[in-house]
$ cat query31.txt   # compact mmCIF, C-alpha atoms
# COMPACT_ATOMS: atom_id res chain seq x y z
CA MET A 1 -10.88 12.72 -26.64
CA ASP A 2 -8.74 13.57 -29.65
CA ASP A 3 -7.54 10.46 -31.57
CA ASP A 4 -3.86 11.43 -31.15
CA ILE A 5 -4.30 11.85 -27.40
CA ARG A 6 -6.27 8.59 -27.15
CA MET A 7 -3.48 6.75 -28.99
CA ARG A 8 -0.81 8.34 -26.81
CA VAL A 9 -2.74 7.37 -23.64
CA LYS A 10 -3.15 3.79 -24.88
CA MET A 11 0.56 3.51 -25.64
CA GLU A 12 2.10 5.41 -22.74
CA LEU A 13 -0.22 5.04 -19.75
CA PRO A 14 0.36 1.32 -19.05
CA PHE A 15 4.11 1.83 -19.39
CA LEU A 16 4.18 4.91 -17.14
CA VAL A 17 2.04 3.30 -14.45
CA ARG A 18 4.29 0.24 -14.47
CA VAL A 19 7.46 2.38 -14.27
CA LEU A 20 6.09 4.35 -11.32
CA ALA A 21 4.91 1.24 -9.50
CA SER A 22 8.08 -0.74 -10.20
CA ASP A 23 10.32 2.12 -9.12
CA ALA A 24 8.37 2.68 -5.92
CA VAL A 25 8.34 -1.05 -5.08
CA GLU A 26 12.04 -1.50 -5.85
CA LYS A 27 13.01 1.45 -3.65
CA ALA A 28 10.76 0.21 -0.85
CA VAL A 29 12.10 -3.35 -1.09
CA GLU A 30 15.70 -2.16 -1.07
CA PHE A 31 15.02 0.09 1.91
CA MET A 32 13.08 -2.60 3.82
CA GLY A 33 15.87 -5.11 3.23
CA LYS A 34 17.79 -3.24 5.91
CA PHE A 35 15.14 -4.49 8.36
CA GLY A 36 15.16 -8.06 7.04
CA VAL A 37 11.83 -7.56 5.28
CA LYS A 38 11.40 -9.15 1.87
CA ARG A 39 9.33 -7.95 -1.08
CA ARG A 40 6.23 -9.97 -0.28
CA GLU A 41 6.14 -8.88 3.37
CA VAL A 42 6.31 -5.14 2.61
CA ARG A 43 2.66 -4.95 1.55
CA TYR A 44 1.49 -6.77 4.70
CA ILE A 45 3.36 -4.35 6.93
CA MET A 46 1.86 -1.41 5.06
CA ALA A 47 -1.66 -2.87 5.31
CA LEU A 48 -1.26 -3.57 9.03
CA TRP A 49 -0.01 -0.02 9.58
CA GLY A 50 -3.72 0.87 9.52
CA GLY A 51 -4.48 -1.47 12.41
CA PRO A 52 -5.03 -5.16 13.17
CA MET A 53 -6.71 -7.35 10.53
CA THR A 54 -7.72 -10.95 10.15
CA GLN A 55 -5.97 -13.04 7.52
CA LYS A 56 -9.15 -12.88 5.45
CA GLU A 57 -9.21 -9.07 5.64
CA LEU A 58 -5.55 -8.94 4.60
CA CYS A 59 -6.26 -11.21 1.62
CA GLU A 60 -9.20 -9.04 0.55
CA THR A 61 -7.27 -5.80 1.05
CA LEU A 62 -4.15 -6.95 -0.77
CA LEU A 63 -6.00 -9.05 -3.37
CA LEU A 64 -3.88 -12.09 -2.45
CA ASP A 65 -4.68 -15.73 -1.66
CA LYS A 66 -4.77 -17.33 1.81
CA ALA A 67 -1.68 -19.47 1.29
CA ASN A 68 0.51 -16.47 0.47
CA ALA A 69 -0.94 -14.55 3.41
CA ALA A 70 -0.30 -17.41 5.82
CA ARG A 71 3.33 -17.74 4.70
CA ALA A 72 3.99 -14.00 4.90
CA ILE A 73 2.33 -13.70 8.31
CA ALA A 74 4.42 -16.61 9.63
CA VAL A 75 7.63 -14.94 8.44
CA LEU A 76 6.61 -11.60 9.94
CA ILE A 77 5.77 -13.25 13.27
CA GLU A 78 9.10 -15.10 13.21
CA ASN A 79 10.92 -11.79 12.58
CA GLY A 80 9.11 -10.12 15.48
CA LEU A 81 7.28 -7.60 13.29
CA VAL A 82 3.75 -9.01 13.68
CA ARG A 83 1.90 -10.75 16.50
CA LYS A 84 -1.35 -12.63 16.73
CA ASP A 85 -4.00 -10.50 18.38
CA LYS A 86 -6.71 -12.39 20.25
CA ARG A 87 -9.34 -9.83 19.31
CA GLY A 88 -10.62 -11.94 16.42
CA VAL A 89 -14.12 -13.30 16.00
CA GLY A 90 -14.77 -16.96 16.79
CA ARG A 91 -11.75 -19.11 15.92
CA SER A 92 -10.17 -16.41 13.81
CA TYR A 93 -7.67 -13.96 15.16
CA LYS A 94 -6.30 -10.67 14.00
CA VAL A 95 -2.66 -9.96 13.33
CA ALA A 96 -1.13 -6.67 14.37
CA LEU A 97 2.21 -4.96 14.13
CA THR A 98 4.44 -5.32 17.15
CA PRO A 99 6.18 -2.19 18.44
CA LYS A 100 9.16 -3.21 16.28
CA GLY A 101 6.83 -3.71 13.30
CA MET A 102 5.21 -0.32 13.89
CA GLU A 103 8.65 1.30 14.02
CA VAL A 104 9.57 -0.37 10.73
CA ALA A 105 6.24 0.69 9.15
CA ASP A 106 6.65 4.27 10.37
CA THR A 107 10.23 4.37 9.05
CA MET A 108 9.10 2.97 5.72
CA ASN A 109 6.28 5.48 5.50
CA ARG A 110 8.70 8.35 6.11
CA PHE A 111 10.93 6.92 3.38
CA LEU A 112 7.99 6.63 0.95
CA ASP A 113 6.81 10.13 1.86
CA GLN A 114 10.23 11.52 0.96
CA ASN A 115 10.17 9.72 -2.39
CA ILE A 116 6.67 10.95 -3.15
CA ASP A 117 7.71 14.49 -2.21
CA VAL A 118 10.59 14.26 -4.70
CA MET A 119 8.39 12.74 -7.40
CA CYS A 120 5.68 15.40 -6.96
CA ALA A 121 7.88 18.39 -6.11
CA ASP A 122 6.87 20.53 -9.07
CA PHE A 123 3.13 19.88 -8.93
CA PRO A 124 0.71 22.37 -7.37
CA ASP A 125 -1.95 20.96 -5.03
CA ASP A 126 -4.75 21.23 -7.58
CA VAL A 127 -2.78 19.16 -10.10
CA MET A 128 -2.05 16.49 -7.46
CA CYS A 129 -5.76 16.35 -6.54
CA ASN A 130 -6.55 15.87 -10.23
CA VAL A 131 -3.96 13.08 -10.49
CA LEU A 132 -5.42 11.29 -7.46
CA ASN A 133 -9.00 11.71 -8.65
CA THR A 134 -8.07 10.50 -12.13
CA MET A 135 -6.25 7.43 -10.84
CA GLU A 136 -9.11 6.61 -8.47
CA THR A 137 -11.59 6.90 -11.34
CA MET A 138 -9.44 4.66 -13.54
CA CYS A 139 -9.25 2.03 -10.80
CA THR A 140 -12.99 2.24 -10.17
CA ASN A 141 -13.73 1.89 -13.90
CA LEU A 142 -11.81 -1.39 -13.95
CA ASP A 143 -13.35 -2.65 -10.70
CA ALA A 144 -15.73 -5.45 -11.67
CA ASP A 145 -16.30 -6.89 -8.18
CA GLY A 146 -16.00 -3.77 -6.02
CA SER A 147 -12.78 -4.89 -4.30
CA VAL A 148 -10.81 -1.86 -5.49
CA ALA A 149 -13.51 0.53 -4.29
CA ASN A 150 -13.46 -1.21 -0.91
CA ASN A 151 -9.67 -0.84 -0.77
CA ILE A 152 -9.85 2.84 -1.74
CA ASP A 153 -12.35 3.41 1.07
CA LEU A 154 -10.12 1.42 3.45
CA ILE A 155 -7.05 3.47 2.53
CA LYS A 156 -8.95 6.73 2.96
CA GLY A 157 -10.19 5.55 6.35
CA MET A 158 -6.70 4.46 7.42
CA MET A 159 -5.22 7.79 6.41
CA SER A 160 -7.98 9.69 8.17
CA ASP A 161 -7.37 7.67 11.35
CA ARG A 162 -3.60 8.17 11.10
CA LEU A 163 -3.92 11.91 10.56
CA GLU A 164 -6.22 12.16 13.58
CA GLN A 165 -3.65 10.25 15.66
CA GLY A 166 -0.87 12.46 14.35
CA SER A 167 1.12 9.59 12.85
CA GLY A 168 0.29 9.86 9.16
CA PRO A 169 2.23 11.64 6.44
CA ASP A 170 3.88 14.89 7.45
CA SER A 171 3.61 14.14 11.21
$ encode --input "query31.txt" --output "structure tokens"
Amino acid sequence: MDDDIRMRVKMELPFLVRVLASDAVEKAVEFMGKFGVKRREVRYIMALWGGPMTQKELCETLLLDKANAARAIAVLIENGLVRKDKRGVGRSYKVALTPKGMEVADTMNRFLDQNIDVMCADFPDDVMCNVLNTMETMCTNLDADGSVANNIDLIKGMMSDRLEQGSGPDS
């Protein structure tokens, strides 16, 4: 890589990634506030959109600790967005979105899809594929313990399942 490009990447990439992530999160949090969902609960709803998970699976997927997960799950149960699902193993249980939670998740996904469509409006498909592949490679390069790779695989599996069910993006 050319030294000028390398320097530009080192200076701009962290800033640009943070701007994109912050903007997306702020828009999502503002939108979800209409449903009484706070910032920390948004990610749990999005993770559970893929199907029921144990608290441990949620922690691993979201890279968060058990205490935060327990608090967020309690709030989501209290708000009627999540329920305990008895399909766990042993003493553990899974949590799943309620019909209200699924409606909120679907609404949020439509909202996010619209924002992504606006953000990527001028990009041809091949450029978007390159962006995704590049970001995935960057995440994988930084992935010391394999958790990011597991999450990438999980996300791809969730999207594949959703598309097969006809409830993913563009459905």
$ closest_atom_pairs --input "query31.txt" --of "range 29-55 of chain A" --to "range 104-109 of chain A" --cutoff "10 Å" --atoms "all atoms listed in the file" --output "JSON lines"
{"residue": "A:Val29", "atom": "CA", "partner": "A:Met108", "partner_atom": "CA", "distance": 9.8}
{"residue": "A:Phe31", "atom": "CA", "partner": "A:Met108", "partner_atom": "CA", "distance": 7.6}
{"residue": "A:Met32", "atom": "CA", "partner": "A:Met108", "partner_atom": "CA", "distance": 7.1}
{"residue": "A:Lys34", "atom": "CA", "partner": "A:Val104", "partner_atom": "CA", "distance": 10.0}
{"residue": "A:Phe35", "atom": "CA", "partner": "A:Val104", "partner_atom": "CA", "distance": 7.3}
{"residue": "A:Val37", "atom": "CA", "partner": "A:Val104", "partner_atom": "CA", "distance": 9.3}
{"residue": "A:Val42", "atom": "CA", "partner": "A:Ala105", "partner_atom": "CA", "distance": 8.8}
{"residue": "A:Tyr44", "atom": "CA", "partner": "A:Ala105", "partner_atom": "CA", "distance": 9.9}
{"residue": "A:Ile45", "atom": "CA", "partner": "A:Ala105", "partner_atom": "CA", "distance": 6.2}
{"residue": "A:Met46", "atom": "CA", "partner": "A:Ala105", "partner_atom": "CA", "distance": 6.4}
{"residue": "A:Ala47", "atom": "CA", "partner": "A:Ala105", "partner_atom": "CA", "distance": 9.5}
{"residue": "A:Leu48", "atom": "CA", "partner": "A:Ala105", "partner_atom": "CA", "distance": 8.6}
{"residue": "A:Trp49", "atom": "CA", "partner": "A:Ala105", "partner_atom": "CA", "distance": 6.3}
{"residue": "A:Gly50", "atom": "CA", "partner": "A:Ala105", "partner_atom": "CA", "distance": 10.0}
$ closest_residue --input "query31.txt" --among "A:Leu58, A:Ile116, A:Leu64, A:Met128" --to "Ala28 in chain A" --atoms "only C-alpha atoms"
A:Ile116
$ atom_distance --input "query31.txt" --atom1 "CA of Arg39 in chain A" --atom2 "CA of Gly51 in chain A"
20.4 Å
$ atom_distance --input "query31.txt" --atom1 "CA of Glu57 in chain A" --atom2 "CA of Asn133 in chain A"
25.2 Å
$ closest_residue --input "query31.txt" --among "A:Pro14, A:Gly36, A:Pro99, A:Pro52" --to "Asn79 in chain A" --atoms "all atoms listed in the file"
A:Gly36
$ closest_residue --input "query31.txt" --among "A:Val9, A:Val25, A:Leu81, A:Val95" --to "Gln55 in chain A" --atoms "all atoms listed in the file"
A:Val95
$ atom_distance --input "query31.txt" --atom1 "CA of Ala72 in chain A" --atom2 "CA of Ala21 in chain A"
21.0 Å
$ closest_residue --input "query31.txt" --among "A:Lys84, A:Arg110, A:Lys10, A:Arg91" --to "Met53 in chain A" --atoms "all atoms listed in the file"
A:Lys84
$ residues_around --input "query31.txt" --residues "range 134-136 of chain A" --least-positions-apart "5" --cutoff "10 Å" --atoms "only C-alpha atoms" --output "list in words"
Val17, Met128, Cys129, Asn141, Val148, Ala149 and Ile152 of chain A
$ write_last_selection --input "query31.txt" --atoms "C-alpha atoms" --output "tab-separated table (two decimals), in the coordinates of the input"
chain	number	residue	atom	x	y	z
A	17	VAL	CA	2.04	3.30	-14.45
A	128	MET	CA	-2.05	16.49	-7.46
A	129	CYS	CA	-5.76	16.35	-6.54
A	141	ASN	CA	-13.73	1.89	-13.90
A	148	VAL	CA	-10.81	-1.86	-5.49
A	149	ALA	CA	-13.51	0.53	-4.29
A	152	ILE	CA	-9.85	2.84	-1.74
$ decode --input "query31.txt" --residues "range 51-71 of chain A" --atoms "N, CA and C atoms" --output "mmCIF file, in the first residue's frame"
data_model
loop_
_atom_site.group_PDB
_atom_site.id
_atom_site.type_symbol
_atom_site.label_atom_id
_atom_site.label_comp_id
_atom_site.auth_asym_id
_atom_site.auth_seq_id
_atom_site.Cartn_x
_atom_site.Cartn_y
_atom_site.Cartn_z
ATOM 1 N N GLY A 51 -33.917 -15.530 16.652
ATOM 2 C CA GLY A 51 -34.476 -16.695 17.323
ATOM 3 C C GLY A 51 -34.075 -16.729 18.783
ATOM 4 N N PRO A 52 -34.699 -17.614 19.565
ATOM 5 C CA PRO A 52 -34.421 -17.698 20.995
ATOM 6 C C PRO A 52 -32.954 -18.019 21.285
ATOM 7 N N MET A 53 -32.458 -17.468 22.400
ATOM 8 C CA MET A 53 -31.088 -17.715 22.846
ATOM 9 C C MET A 53 -31.068 -17.799 24.360
ATOM 10 N N THR A 54 -30.081 -18.499 24.876
ATOM 11 C CA THR A 54 -29.843 -18.474 26.312
ATOM 12 C C THR A 54 -29.137 -17.164 26.644
ATOM 13 N N GLN A 55 -29.113 -16.839 27.936
ATOM 14 C CA GLN A 55 -28.395 -15.635 28.358
ATOM 15 C C GLN A 55 -26.920 -15.760 27.976
ATOM 16 N N LYS A 56 -26.357 -16.927 28.128
ATOM 17 C CA LYS A 56 -24.949 -17.140 27.781
ATOM 18 C C LYS A 56 -24.722 -16.887 26.287
ATOM 19 N N GLU A 57 -25.609 -17.389 25.446
ATOM 20 C CA GLU A 57 -25.475 -17.165 24.000
ATOM 21 C C GLU A 57 -25.581 -15.676 23.664
ATOM 22 N N LEU A 58 -26.494 -14.985 24.329
ATOM 23 C CA LEU A 58 -26.624 -13.534 24.118
ATOM 24 C C LEU A 58 -25.333 -12.818 24.509
ATOM 25 N N CYS A 59 -24.772 -13.189 25.649
ATOM 26 C CA CYS A 59 -23.519 -12.566 26.106
ATOM 27 C C CYS A 59 -22.404 -12.797 25.093
ATOM 28 N N GLU A 60 -22.296 -14.022 24.600
ATOM 29 C CA GLU A 60 -21.253 -14.344 23.627
ATOM 30 C C GLU A 60 -21.489 -13.612 22.308
ATOM 31 N N THR A 61 -22.726 -13.553 21.875
ATOM 32 C CA THR A 61 -23.057 -12.902 20.608
ATOM 33 C C THR A 61 -22.811 -11.403 20.669
ATOM 34 N N LEU A 62 -23.215 -10.795 21.770
ATOM 35 C CA LEU A 62 -23.129 -9.340 21.898
ATOM 36 C C LEU A 62 -21.837 -8.873 22.564
ATOM 37 N N LEU A 63 -21.012 -9.826 22.981
ATOM 38 C CA LEU A 63 -19.741 -9.520 23.648
ATOM 39 C C LEU A 63 -19.982 -8.662 24.900
ATOM 40 N N LEU A 64 -20.984 -9.074 25.695
ATOM 41 C CA LEU A 64 -21.340 -8.360 26.918
ATOM 42 C C LEU A 64 -21.303 -9.312 28.105
ATOM 43 N N ASP A 65 -21.253 -8.752 29.329
ATOM 44 C CA ASP A 65 -21.182 -9.598 30.518
ATOM 45 C C ASP A 65 -22.574 -10.024 30.987
ATOM 46 N N LYS A 66 -22.596 -11.053 31.860
ATOM 47 C CA LYS A 66 -23.847 -11.635 32.335
ATOM 48 C C LYS A 66 -24.713 -10.649 33.105
ATOM 49 N N ALA A 67 -24.097 -9.793 33.891
ATOM 50 C CA ALA A 67 -24.883 -8.851 34.691
ATOM 51 C C ALA A 67 -25.666 -7.890 33.801
ATOM 52 N N ASN A 68 -25.012 -7.362 32.777
ATOM 53 C CA ASN A 68 -25.709 -6.466 31.846
ATOM 54 C C ASN A 68 -26.822 -7.210 31.122
ATOM 55 N N ALA A 69 -26.551 -8.430 30.719
ATOM 56 C CA ALA A 69 -27.559 -9.228 30.008
ATOM 57 C C ALA A 69 -28.765 -9.479 30.913
ATOM 58 N N ALA A 70 -28.511 -9.843 32.148
ATOM 59 C CA ALA A 70 -29.611 -10.128 33.073
ATOM 60 C C ALA A 70 -30.491 -8.891 33.282
ATOM 61 N N ARG A 71 -29.862 -7.733 33.450
ATOM 62 C CA ARG A 71 -30.634 -6.491 33.640
ATOM 63 C C ARG A 71 -31.455 -6.164 32.392
#
